[in-house]
Structure formats: C-alpha cells, structure tokens
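Let me begin by presenting the structure, written as structure tokens, before commenting on it.
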Amino acid sequence: MRMKSEGQERVKYVDVHTHKRGKDIYLLDISDGRLAEEGELCSAGIHPMFIGTSEPVKRIEEWAEWKRIVAVGEAGFDRNSETGIAAQTELFEEEVRISETYKLPLIIHCVKAFPELLAVYKKMRPRQAWIIHGYNNNRQILDELLKHGLYISAGKKVFVETSNIRQLLPFIPLEQLFIETDDSDYTIEEVYAKVADLLRIPLDMLIRYMYRNWLSVFSGV
Ligand SMILES: [Zn+2]
C-alpha cells in the first residue's frame with residue numbers, strides 16, 4: 001500500500017477491482033500477464049470467459065506464493081463461456097484453495113451461475129473474504145450472498161437507470177459494500193459520487209466506509 005509519509009493519513013478512495021491504473025488505492029487485475037509497477041497492489045485469477053487462453057492456475061499459485069498478488073481473481077463462473085460449468089467449477093475450486101492457502105481475498109466474476117457459486121461456498125466454507133465484483137443480479141440472490149457474509153462490489157452499472165444494482169444499493173449494508181471501476185472509462189471519483197448520490201449519503205461518509213472495509217479485508221497488505 002502506498003502511504004504518504006507527511007502529516008496525517010488521508011482517507012483514500014478504494015477501487016477494489018480495475019483493469020486500469022488508478023489513484024489512491026486500487027487493486028489492479030494483472031491476469032493478462034502485464035507487469036505491475038513497484039508497490040502496486042494486484043490480483044490475478046482465471047476469468048471464466050478466458051479459460052484455456054489465460055495463465056495456468058499453477059501460475060496464479062506461484063504469484064500468490066511470491067506475494068506478487070494480494071487477492072485471487074477475478075475468478076468464478078460465466079454461463080456465456082465456451083467452457084462448461086463442470087470445468088469452471090473445478091478450476092474455481094482450485095482458486096478458492098489458493099485463496100485459502102495464501103490467505104488472499106477472492107474477487108469473483110459471476111454471470112448467471114449464482115447457485116453454482118453458492119454451492120462451492122457451502123462446500124468449501126472459505127475463511128477469506130469473497131467479493132462479488134460488478135454485481136447486477138436480483139434481490140433474492142443479493143440477500144443470499146449478504147447472509148453468507150459476502151461483499152458486493154458496485155461498478156459502472158450504477159450509471160444505467162434500469163440496472164438491478166441501482167435499485168438494490170440501499171439494501172446492501174455499507175459494511176459489505178465495495179466500489180470499482182473494472183474496465184470502464186469512469187474514474188473512481190465518478191463512481192463514488194454516483195453511489196453516494198443514489199444512497200443519499202455524504203460522499204465523505206461513503207469514502208470512509210469503503211476505506212474501513214478495505215482495511216478490514218486487506219489488513220495484511
Ligand atoms: Zn474485471
């Protein structure tokens with residue numbers, strides 16, 4: 001974590017999942033094999049849409065062992081993938097194992113496969129935090145995820161008036177929320193401002209909550 005040495009520590013914006021370099025604290029997805037800069041916080045996993053063409057799972061484990069990454073992911077399930085759900089499950093379980101072994105939180109991509117995701121959760125009973133990135137599904141699934149203590153990360157879909165996440169934001173406890181830019185062209189400040197506006201809470205309150213969540217999930221970083 002990059003710390004400013006001068007004066008009192010400023011509460012920072014936290015971007016829990018991004019494919020682009022950002023400001024303050026951002027968790028950069030380096031699954032594409034890109035090189036991180038000195039001190040940059042990174043995650044890597046096997047995106048379910050790119051199984052077979054991405055780095056092998058063994059590489060993810062090496063990066064975890066070498067402390068090159070501070071989280072595993074994005075990893076998970078995608079019903080639109082050419083790879084079947086059984087093979088996705090096998091791979092995902094491997095990544096859960098890595099997350100647990102090296103005590104790294106897991107950033108999850110899940111499209112139309114929440115029953116499968118929850119089945120793995122119940123089977124493996126992970127101790128590491130699970131963060132569902134870009135959540136945009138329904139209320140029932142949201143409640144189920146929250147009940148199990150998962151974190152929900154809201155991103156670019158908050159700008160879409162008809163999106164699920166936009167309607168569901170008030171039902172997510174601030175203690176279980178994260179915010180991200182993912183691959184969008186929005187800045188993290190823009191996403192925070194939108195979320196604060198939708199929740200009708202002050203921006204600085206949102207920033208403080210997200211920073212607190214970051215510290216509690218990524219305390220070892
Ligand atoms: Zn992503």
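By convention here, the chains of the structure tokens are called A, B, ... in the order presented, each chain's residues are numbered starting at 1, and ligands are numbered starting at 1 in the order presented.
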
Show me, as an MDAnalysis selection string, the residues that have an atom within 12 Å of A:Tyr135 when counting only C-alpha atoms, minus same-chain residues fewer than 3 positions from it.
chainID A and resid 107:112 114 131:132 138:139 141:142 145:146 150:158 163:169 172 177:180 182

May I have the residues within 9 Å of ligand 1, computed using only C-alpha atoms and all ligand atoms, as a list in words?
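Counting only what the definition allows, namely only C-alpha atoms and all ligand atoms, the set is His17, Thr18, His19, Asp29, His47, Gly73, Glu74, His109, His133, Gly134, Thr181, Asp182 and Asp183 of chain A.
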
Taking N, CA, C and O atoms for each residue, export the selection above as a compact mmCIF listing (two decimals), in the first residue's frame.
```txt
# COMPACT_ATOMS: atom_id res chain seq x y z
N HIS A 17 -11.56 -3.31 -7.78
CA HIS A 17 -11.29 -4.13 -8.98
C HIS A 17 -11.19 -3.25 -10.21
O HIS A 17 -12.16 -2.60 -10.61
N THR A 18 -10.00 -3.25 -10.81
CA THR A 18 -9.83 -2.44 -12.01
C THR A 18 -8.81 -3.09 -12.95
O THR A 18 -7.94 -3.85 -12.51
N HIS A 19 -8.96 -2.78 -14.23
CA HIS A 19 -8.00 -3.24 -15.22
C HIS A 19 -7.11 -2.10 -15.69
O HIS A 19 -6.34 -2.24 -16.62
N ASP A 29 -6.03 -5.74 -11.78
CA ASP A 29 -6.09 -7.12 -12.28
C ASP A 29 -4.96 -7.33 -13.29
O ASP A 29 -4.91 -6.67 -14.32
N HIS A 47 -10.22 -15.76 -15.54
CA HIS A 47 -11.56 -15.28 -15.88
C HIS A 47 -12.29 -16.42 -16.60
O HIS A 47 -11.74 -17.01 -17.53
N GLY A 73 -8.24 -13.54 -8.33
CA GLY A 73 -9.40 -13.16 -9.14
C GLY A 73 -9.06 -12.08 -10.15
O GLY A 73 -7.94 -11.56 -10.11
N GLU A 74 -9.97 -11.74 -11.09
CA GLU A 74 -11.30 -12.23 -10.99
C GLU A 74 -11.39 -13.68 -11.44
O GLU A 74 -10.77 -14.09 -12.41
N HIS A 109 -16.15 -13.09 -10.37
CA HIS A 109 -16.95 -12.75 -11.54
C HIS A 109 -18.01 -13.84 -11.63
O HIS A 109 -17.68 -15.03 -11.64
N HIS A 133 -17.72 -8.97 -7.77
CA HIS A 133 -17.50 -7.72 -8.49
C HIS A 133 -18.60 -7.49 -9.53
O HIS A 133 -19.15 -8.43 -10.09
N GLY A 134 -18.92 -6.23 -9.74
CA GLY A 134 -19.91 -5.86 -10.76
C GLY A 134 -21.27 -6.49 -10.57
O GLY A 134 -21.96 -6.81 -11.54
N THR A 181 -14.07 0.32 -10.62
CA THR A 181 -14.21 0.87 -11.98
C THR A 181 -14.17 -0.24 -13.03
O THR A 181 -14.61 -0.04 -14.16
N ASP A 182 -13.59 -1.39 -12.70
CA ASP A 182 -13.46 -2.53 -13.62
C ASP A 182 -12.79 -2.06 -14.93
O ASP A 182 -11.76 -1.42 -14.87
N ASP A 183 -13.41 -2.33 -16.08
CA ASP A 183 -12.79 -1.94 -17.36
C ASP A 183 -13.47 -0.69 -17.94
O ASP A 183 -13.32 -0.38 -19.11
```

Near stretch 202-208 of chain A, counting only C-alpha atoms, which residues have an atom at most 8 Å away, once you skip same-chain residues fewer than 4 positions from it, shown as a list in words?
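Non-adjacent residues within range: Val11, Lys12, Tyr13, Val14, Leu174, Tyr192, Ala193, Ala196, Asp197 and Arg212 of chain A.
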
Residue with smallest distance to A:Trp130 - pool A:Thr101, A:Gln176, A:Ser31, A:Thr187, counting only C-alpha atoms:
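Of A:Thr101, A:Gln176, A:Ser31, A:Thr187, the one nearest A:Trp130, counting only C-alpha atoms, is A:Gln176.
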
Using DSSP on the backbone coordinates, identify all residues within stretch 42-181 of chain A classified as alpha helix (DSSP H); present the result as a count of residues only.
51

Could you name the residues that touch stretch 61-72 of chain A at 10 Å or less, counting only C-alpha atoms, but leaving out those on the same chain fewer than 3 positions away, as a count of residues only?
40

Extract the full set of strand (DSSP E) residues from stretch 55-136 of chain A according to DSSP on the backbone, and format it as a ChimeraX atom specification.
/A:71-78,106-111,130-132

May I have the residues from that selection written out with N, CA, C and O atoms, as an mmCIF file, in the first residue's frame?
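Output file selection_10.cif follows:
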```cif
data_model
loop_
_atom_site.group_PDB
_atom_site.id
_atom_site.type_symbol
_atom_site.label_atom_id
_atom_site.label_comp_id
_atom_site.auth_asym_id
_atom_site.auth_seq_id
_atom_site.Cartn_x
_atom_site.Cartn_y
_atom_site.Cartn_z
ATOM 1 N N ALA A 71 -4.729 -10.557 -3.904
ATOM 2 C CA ALA A 71 -6.052 -11.177 -3.992
ATOM 3 C C ALA A 71 -6.055 -12.124 -5.186
ATOM 4 O O ALA A 71 -5.287 -11.941 -6.136
ATOM 5 N N VAL A 72 -6.919 -13.124 -5.111
ATOM 6 C CA VAL A 72 -7.105 -14.036 -6.239
ATOM 7 C C VAL A 72 -8.335 -13.566 -7.008
ATOM 8 O O VAL A 72 -9.345 -13.202 -6.404
ATOM 9 N N GLY A 73 -8.244 -13.542 -8.335
ATOM 10 C CA GLY A 73 -9.399 -13.162 -9.142
ATOM 11 C C GLY A 73 -9.060 -12.076 -10.145
ATOM 12 O O GLY A 73 -7.937 -11.556 -10.113
ATOM 13 N N GLU A 74 -9.965 -11.739 -11.088
ATOM 14 C CA GLU A 74 -11.298 -12.231 -10.986
ATOM 15 C C GLU A 74 -11.392 -13.681 -11.436
ATOM 16 O O GLU A 74 -10.772 -14.085 -12.414
ATOM 17 N N ALA A 75 -12.205 -14.427 -10.714
ATOM 18 C CA ALA A 75 -12.380 -15.842 -10.969
ATOM 19 C C ALA A 75 -13.848 -16.171 -10.703
ATOM 20 O O ALA A 75 -14.517 -15.429 -9.991
ATOM 21 N N GLY A 76 -14.317 -17.272 -11.247
ATOM 22 C CA GLY A 76 -15.705 -17.629 -10.963
ATOM 23 C C GLY A 76 -16.388 -18.345 -12.095
ATOM 24 O O GLY A 76 -15.817 -19.244 -12.718
ATOM 25 N N PHE A 77 -17.605 -17.878 -12.353
ATOM 26 C CA PHE A 77 -18.461 -18.577 -13.310
ATOM 27 C C PHE A 77 -19.053 -17.607 -14.333
ATOM 28 O O PHE A 77 -19.380 -16.468 -13.999
ATOM 29 N N ASP A 78 -19.219 -18.127 -15.552
ATOM 30 C CA ASP A 78 -19.936 -17.350 -16.559
ATOM 31 C C ASP A 78 -20.666 -18.310 -17.478
ATOM 32 O O ASP A 78 -20.058 -19.138 -18.151
ATOM 33 N N LEU A 106 -10.845 -13.143 -2.364
ATOM 34 C CA LEU A 106 -11.194 -13.624 -3.698
ATOM 35 C C LEU A 106 -12.132 -12.623 -4.387
ATOM 36 O O LEU A 106 -13.157 -12.241 -3.825
ATOM 37 N N ILE A 107 -11.742 -12.195 -5.586
ATOM 38 C CA ILE A 107 -12.579 -11.295 -6.388
ATOM 39 C C ILE A 107 -13.344 -12.168 -7.385
ATOM 40 O O ILE A 107 -12.731 -12.881 -8.186
ATOM 41 N N ILE A 108 -14.660 -12.105 -7.313
ATOM 42 C CA ILE A 108 -15.481 -13.052 -8.070
ATOM 43 C C ILE A 108 -16.242 -12.418 -9.228
ATOM 44 O O ILE A 108 -16.891 -11.376 -9.072
ATOM 45 N N HIS A 109 -16.147 -13.091 -10.373
ATOM 46 C CA HIS A 109 -16.951 -12.753 -11.542
ATOM 47 C C HIS A 109 -18.014 -13.844 -11.625
ATOM 48 O O HIS A 109 -17.682 -15.032 -11.643
ATOM 49 N N CYS A 110 -19.278 -13.459 -11.633
ATOM 50 C CA CYS A 110 -20.319 -14.486 -11.708
ATOM 51 C C CYS A 110 -21.478 -14.005 -12.569
ATOM 52 O O CYS A 110 -22.130 -13.010 -12.255
ATOM 53 N N VAL A 111 -21.697 -14.723 -13.671
ATOM 54 C CA VAL A 111 -22.791 -14.390 -14.571
ATOM 55 C C VAL A 111 -23.700 -15.605 -14.723
ATOM 56 O O VAL A 111 -23.268 -16.661 -15.187
ATOM 57 N N TRP A 130 -14.976 -13.026 0.245
ATOM 58 C CA TRP A 130 -15.384 -13.180 -1.152
ATOM 59 C C TRP A 130 -16.061 -11.879 -1.570
ATOM 60 O O TRP A 130 -17.012 -11.423 -0.910
ATOM 61 N N ILE A 131 -15.580 -11.323 -2.665
ATOM 62 C CA ILE A 131 -16.117 -10.043 -3.151
ATOM 63 C C ILE A 131 -16.707 -10.260 -4.539
ATOM 64 O O ILE A 131 -15.989 -10.627 -5.471
ATOM 65 N N ILE A 132 -18.013 -10.071 -4.654
ATOM 66 C CA ILE A 132 -18.664 -10.251 -5.952
ATOM 67 C C ILE A 132 -18.516 -8.952 -6.730
ATOM 68 O O ILE A 132 -19.122 -7.935 -6.366
#
```

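Checking A:Ala86, A:Lys123, A:Phe92, A:Arg79 one by one against A:Ile60, counting only C-alpha atoms, you find the shortest gap at A:Phe92.
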
Work out how far atom CA of A:Gly149 is from atom CA of A:Tyr186, in Å to one decimal.
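Going from atom CA of A:Tyr186 over to atom CA of A:Gly149, I get 28.0 Å.
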
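Here atom CA of A:Asn136 stands at a distance of 14.0 Å from atom CA of A:Val195.
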
Measure the distance from atom CA of A:Gly52 to atom CA of A:Arg125 in Å and round it to one decimal.
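Computed distance, atom CA of A:Gly52 to atom CA of A:Arg125, equals 27.2 Å.
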
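Proximity of A:Leu117, A:Leu198, A:Arg21, A:Met124 to A:Pro170, computed with only C-alpha atoms, is greatest for A:Leu198.
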
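Closest approach to A:Pro115 from the set A:Glu144, A:Asp32, A:Glu93, A:Asp185 is made by A:Glu144, with distances taken over only C-alpha atoms.
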
Of the candidates A:Leu215, A:Gln140, A:Gln88, A:Phe171, which one gets nearest to A:Leu199 if we count only C-alpha atoms?
A:Phe171
